[in-house]
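As provided, entry.txt (compact mmCIF, C-alpha atoms) reads as follows.
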# COMPACT_ATOMS: atom_id res chain seq x y z
CA MET C 1100 0.00 0.00 0.00
CA SER C 1101 2.86 2.43 0.70
CA LEU C 1102 4.21 1.70 -2.76
CA ARG C 1103 0.94 2.77 -4.24
CA LEU C 1104 0.96 5.99 -2.14
CA THR C 1105 4.54 6.71 -3.20
CA HIS C 1106 3.51 6.22 -6.79
CA TYR C 1107 0.65 8.78 -6.45
CA VAL C 1108 2.92 11.30 -4.73
CA PHE C 1109 5.50 10.90 -7.49
CA ILE C 1110 2.85 11.49 -10.20
CA ALA C 1111 1.51 14.55 -8.32
CA VAL C 1112 5.01 16.06 -8.01
CA LEU C 1113 5.70 15.34 -11.68
CA CYS C 1114 2.45 17.06 -12.67
CA MET C 1115 3.32 20.12 -10.57
CA PHE C 1116 6.73 20.44 -12.28
CA ALA C 1117 5.12 20.07 -15.70
CA MET C 1118 2.56 22.79 -14.90
CA GLN C 1119 5.23 25.15 -13.59
CA SER C 1120 7.33 24.87 -16.72
CA THR C 1121 4.24 25.50 -18.88
CA ILE C 1122 3.33 28.57 -16.84
CA ALA C 1123 6.89 29.87 -16.99
CA ARG C 1124 6.91 29.62 -20.81
CA ALA C 1125 3.50 31.30 -21.15
CA GLU C 1126 4.46 34.53 -19.39
CA LEU C 1127 4.13 37.35 -21.88
CA ASN C 1128 3.73 41.05 -21.40
CA ILE C 1129 0.48 41.75 -23.26
CA ALA C 1130 -1.26 45.04 -23.99
CA VAL C 1131 -4.65 45.88 -25.49
CA VAL C 1132 -5.51 48.77 -27.83
CA ASP C 1133 -9.00 49.91 -28.85
CA ILE C 1134 -8.39 50.83 -32.49
CA ASP C 1135 -12.00 51.95 -33.07
CA ALA C 1136 -11.76 54.42 -30.20
CA ILE C 1137 -8.48 55.80 -31.53
CA LEU C 1138 -9.89 56.10 -35.06
CA SER C 1139 -12.80 58.14 -33.73
CA GLN C 1140 -11.12 60.18 -30.99
CA SER C 1141 -7.69 61.10 -32.34
CA LYS C 1142 -7.03 64.64 -33.53
CA ALA C 1143 -5.96 63.41 -36.97
CA ALA C 1144 -9.12 61.31 -37.42
CA LYS C 1145 -11.32 64.21 -36.36
CA SER C 1146 -9.42 66.46 -38.76
CA VAL C 1147 -10.01 64.05 -41.65
CA GLN C 1148 -13.70 63.69 -40.78
CA SER C 1149 -14.09 67.46 -40.68
CA GLN C 1150 -12.39 67.88 -44.05
CA VAL C 1151 -14.53 65.14 -45.60
CA GLU C 1152 -17.71 66.79 -44.33
CA LYS C 1153 -16.61 70.16 -45.65
CA LYS C 1154 -15.79 68.74 -49.10
CA ARG C 1155 -18.99 66.69 -49.17
CA ASN C 1156 -21.10 69.73 -48.27
CA GLY C 1157 -19.35 71.71 -51.02
CA PHE C 1158 -20.16 68.96 -53.51
CA LEU C 1159 -23.79 68.89 -52.37
CA ASP C 1160 -24.12 72.66 -52.82
CA THR C 1161 -22.69 72.39 -56.33
CA VAL C 1162 -25.02 69.51 -57.15
CA LYS C 1163 -28.07 71.39 -55.88
CA LYS C 1164 -27.23 74.40 -58.03
CA GLU C 1165 -26.66 72.21 -61.08
CA GLU C 1166 -29.90 70.32 -60.47
CA GLU C 1167 -31.80 73.58 -60.22
CA LYS C 1168 -30.35 74.78 -63.56
CA LEU C 1169 -31.26 71.46 -65.17
CA ARG C 1170 -34.82 71.55 -63.78
CA THR C 1171 -35.30 75.07 -65.10
CA GLU C 1172 -34.00 74.03 -68.51
CA GLN C 1173 -36.20 70.92 -68.51
CA LYS C 1174 -39.30 73.00 -67.73
CA SER C 1175 -38.36 75.39 -70.53
CA ILE C 1176 -38.07 72.51 -73.00
CA GLU C 1177 -41.39 71.05 -71.83
CA SER C 1178 -43.18 74.38 -72.17
CA GLN C 1179 -41.73 74.87 -75.66
CA SER C 1180 -42.85 71.40 -76.70
CA ALA C 1181 -46.43 72.17 -75.66
CA GLY C 1182 -46.63 75.02 -78.19
CA ILE C 1183 -45.38 73.03 -81.19
CA THR C 1184 -47.86 71.67 -83.68
CA LYS C 1185 -47.46 68.40 -85.55
CA ASP C 1186 -46.75 70.16 -88.83
CA ASP C 1187 -43.97 72.42 -87.48
CA THR C 1188 -41.00 70.12 -88.21
CA GLU C 1189 -38.38 72.86 -87.97
CA LYS C 1190 -39.34 73.69 -84.38
CA LYS C 1191 -39.59 69.97 -83.56
CA GLU C 1192 -36.05 69.36 -84.79
CA ALA C 1193 -34.73 72.35 -82.84
CA LEU C 1194 -36.53 71.11 -79.72
CA ILE C 1195 -35.19 67.58 -80.18
CA LYS C 1196 -31.69 69.00 -80.49
CA LYS C 1197 -32.22 71.05 -77.28
CA ALA C 1198 -33.51 67.95 -75.50
CA GLN C 1199 -30.47 65.94 -76.60
CA GLU C 1200 -28.10 68.69 -75.42
CA PHE C 1201 -29.99 68.84 -72.13
CA GLU C 1202 -29.67 65.07 -71.68
CA LYS C 1203 -25.92 65.26 -72.41
CA ARG C 1204 -25.44 68.01 -69.78
CA ARG C 1205 -27.48 65.98 -67.27
CA LEU C 1206 -25.30 62.89 -67.87
CA ASP C 1207 -22.12 64.99 -67.70
CA ALA C 1208 -23.24 66.45 -64.37
CA ARG C 1209 -23.94 62.95 -62.98
CA SER C 1210 -20.57 61.68 -64.23
CA SER C 1211 -18.76 64.66 -62.73
CA LEU C 1212 -20.45 64.08 -59.37
CA GLN C 1213 -19.50 60.39 -59.39
CA LYS C 1214 -15.91 61.28 -60.24
CA LYS C 1215 -15.70 63.81 -57.39
CA LYS C 1216 -17.22 61.30 -54.97
CA ALA C 1217 -14.69 58.64 -56.05
CA GLU C 1218 -11.83 61.12 -55.59
CA LEU C 1219 -13.08 62.04 -52.13
CA ASP C 1220 -13.45 58.37 -51.18
CA GLY C 1221 -9.93 57.67 -52.44
CA ALA C 1222 -8.49 60.60 -50.49
CA TYR C 1223 -10.32 59.44 -47.35
CA SER C 1224 -8.97 55.89 -47.75
CA GLU C 1225 -5.45 57.20 -48.27
CA ALA C 1226 -5.67 59.40 -45.16
CA MET C 1227 -7.04 56.53 -43.06
CA ASN C 1228 -4.21 54.27 -44.29
CA ILE C 1229 -1.67 56.87 -43.16
CA LEU C 1230 -3.46 57.14 -39.80
CA THR C 1231 -3.57 53.36 -39.37
CA LYS C 1232 0.14 53.04 -40.20
CA THR C 1233 0.95 55.77 -37.68
CA ILE C 1234 -1.14 53.98 -35.03
CA PHE C 1235 0.87 50.83 -35.75
CA ASP C 1236 4.14 52.78 -35.43
CA VAL C 1237 3.02 54.31 -32.12
CA CYS C 1238 2.04 50.87 -30.79
CA GLN C 1239 5.42 49.51 -31.84
CA GLU C 1240 7.15 52.43 -30.13
CA LEU C 1241 5.21 51.86 -26.90
CA ALA C 1242 5.81 48.10 -27.06
CA THR C 1243 9.55 48.66 -27.32
CA GLU C 1244 9.56 51.29 -24.58
CA LYS C 1245 7.52 49.17 -22.12
CA SER C 1246 8.90 45.75 -23.15
CA ILE C 1247 5.49 44.58 -24.33
CA ASP C 1248 5.65 41.26 -26.15
CA LEU C 1249 2.21 41.33 -27.73
CA VAL C 1250 -0.27 44.13 -28.57
CA ILE C 1251 -3.76 43.02 -29.57
CA THR C 1252 -6.91 44.91 -30.44
CA ARG C 1253 -9.81 45.17 -28.03
CA GLN C 1254 -12.11 43.85 -30.76
CA ASN C 1255 -10.36 40.47 -30.47
CA ILE C 1256 -10.90 40.16 -26.71
CA ILE C 1257 -13.96 38.81 -24.97
CA VAL C 1258 -12.76 39.18 -21.38
CA GLY C 1259 -9.60 40.82 -20.11
CA ASN C 1260 -8.00 42.85 -17.36
CA LEU C 1261 -8.44 46.61 -17.87
CA SER C 1262 -4.88 47.22 -16.66
CA LEU C 1263 -3.67 45.79 -19.97
CA ASP C 1264 -5.33 48.64 -21.92
CA ILE C 1265 -2.86 51.15 -23.41
CA THR C 1266 -5.40 52.95 -25.62
CA LYS C 1267 -5.08 56.28 -23.79
CA GLU C 1268 -1.29 56.19 -24.04
CA VAL C 1269 -1.43 55.33 -27.75
CA LEU C 1270 -3.96 58.12 -28.33
CA ALA C 1271 -1.81 60.67 -26.50
CA LEU C 1272 1.33 59.68 -28.45
CA LEU C 1273 -0.58 59.63 -31.73
CA ASP C 1274 -1.98 63.12 -31.12
CA LYS C 1275 1.58 64.36 -30.52
CA LYS C 1276 3.03 62.53 -33.52
CA LEU C 1277 0.18 63.27 -35.96
CA PRO C 1278 -1.97 66.16 -34.67
CA ASN C 1279 -3.40 66.93 -38.11
CA LEU C 1280 -3.85 64.99 -41.34
CA THR C 1281 -4.61 66.82 -44.57
CA LEU C 1282 -6.99 65.22 -47.01
CA GLN C 1283 -5.37 65.05 -50.46
CA VAL C 1284 -8.28 65.25 -52.92
CA LYS C 1285 -6.95 65.07 -56.48

Structure re-expressed in structure tokens:
Amino acid sequence: MSLRLTHYVFIAVLCMFAMQSTIARAELNIAVVDIDAILSQSKAAKSVQSQVEKKRNGFLDTVKKEEEKLRTEQKSIESQSAGITKDDTEKKEALIKKAQEFEKRRLDARSSLQKKKAELDGAYSEAMNILTKTIFDVCQELATEKSIDLVITRQNIIVGNLSLDITKEVLALLDKKLPNLTLQVK
């Protein structure tokens, strides 16, 4: 019976050593960053959002003015068509030509708007790529400075200790490193 007890004690001690070596290898200095919060709260992100809104509002004003011109022209064409008789081919041809020119201007205006929107979207994407790269650089800088082995995003964590969160530090460094980001619309 004592042999059996010795056997159990030996297995228990062996298991404890195995668990200790596993724990010792698993020790990492981990930090958590809330990227969404940084992308919405940083000075650079707010600057980009403000510039996008300003450009978008400018585009909308231009579009409204162009639409109003086109509506006025369309009403003019419609009123002219009401006064034309079936036998007046010369006026019909002139009106058809006006209608075709009107349709071309309407399509040109739509194309121009789509092009401006695509340029604005491209400039926004480019600015956000620069911001994201700078966030990565700031995280790398903090990781080196604080000997952090692993930085993960808050979006990938279900449960975690709040003391691991370095979002405020990253945000502060980012605001110093990149306080403003200019939107480069081509």

Range 1217-1225 of chain C environment, 12 Å, all atoms listed in the file, sequence neighbours closer than 6 positions dropped, as a ChimeraX atom specification: /C:1143-1144,1146-1158,1210-1211,1231-1232,1280-1285

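Straight-line separation from CA of Lys1174 in chain C to CA of Arg1209 in chain C: 19.0 Å.
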
May I ask for the distance between CA of Leu1194 in chain C and CA of Asp1207 in chain C, given in Å to one decimal place? 19.7 Å

Write out as a PyMOL selection string which residues come within 9 Å of Gln1173 in chain C when counting all atoms listed in the file, dropping same-chain ones fewer than 5 positions away. chain C and resi 1168+1178+1198+1201

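Distances here use all atoms listed in the file; by that measure, the residue among C:Lys1185, C:Lys1164, C:Lys1276, C:Lys1203 closest to Ile1234 in chain C is C:Lys1276.
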
Quick one: everything within 10 Å of Leu1127 in chain C, counting only C-alpha atoms, minus sequence neighbours fewer than 4 positions away in the same chain. Send it as an mmCIF file with C-alpha atoms, in the frame of the given file.
data_model
loop_
_atom_site.group_PDB
_atom_site.id
_atom_site.type_symbol
_atom_site.label_atom_id
_atom_site.label_comp_id
_atom_site.auth_asym_id
_atom_site.auth_seq_id
_atom_site.Cartn_x
_atom_site.Cartn_y
_atom_site.Cartn_z
ATOM 1 C CA ALA C 1123 6.890 29.870 -16.990
ATOM 2 C CA SER C 1246 8.900 45.750 -23.150
ATOM 3 C CA ILE C 1247 5.490 44.580 -24.330
ATOM 4 C CA ASP C 1248 5.650 41.260 -26.150
ATOM 5 C CA LEU C 1249 2.210 41.330 -27.730
#

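Between CA of Lys1142 in chain C and CA of Arg1253 in chain C lies a distance of 20.4 Å.
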
From C:Ala1193, C:Leu1270, C:Leu1261, C:Ile1251, residue lying nearest Ile1129 in chain C [only C-alpha atoms]: C:Ile1251

Tell me which protein, DNA and RNA residues are within 12 Å of Ala1130 in chain C, counting all atoms listed in the file, leaving out same-chain ones fewer than 4 positions away, and put them as a PyMOL selection string. chain C and resi 1238-1239+1241-1243+1245-1253+1256+1259-1269

Give the answer as one residue: which of C:Leu1272, C:Met1227, C:Leu1206, C:Ala1136 has the shortest atom-to-atom distance to Glu1165 in chain C, using all atoms listed in the file?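 Checking each of C:Leu1272, C:Met1227, C:Leu1206, C:Ala1136 against Glu1165 in chain C, counting all atoms listed in the file, the winner is C:Leu1206.
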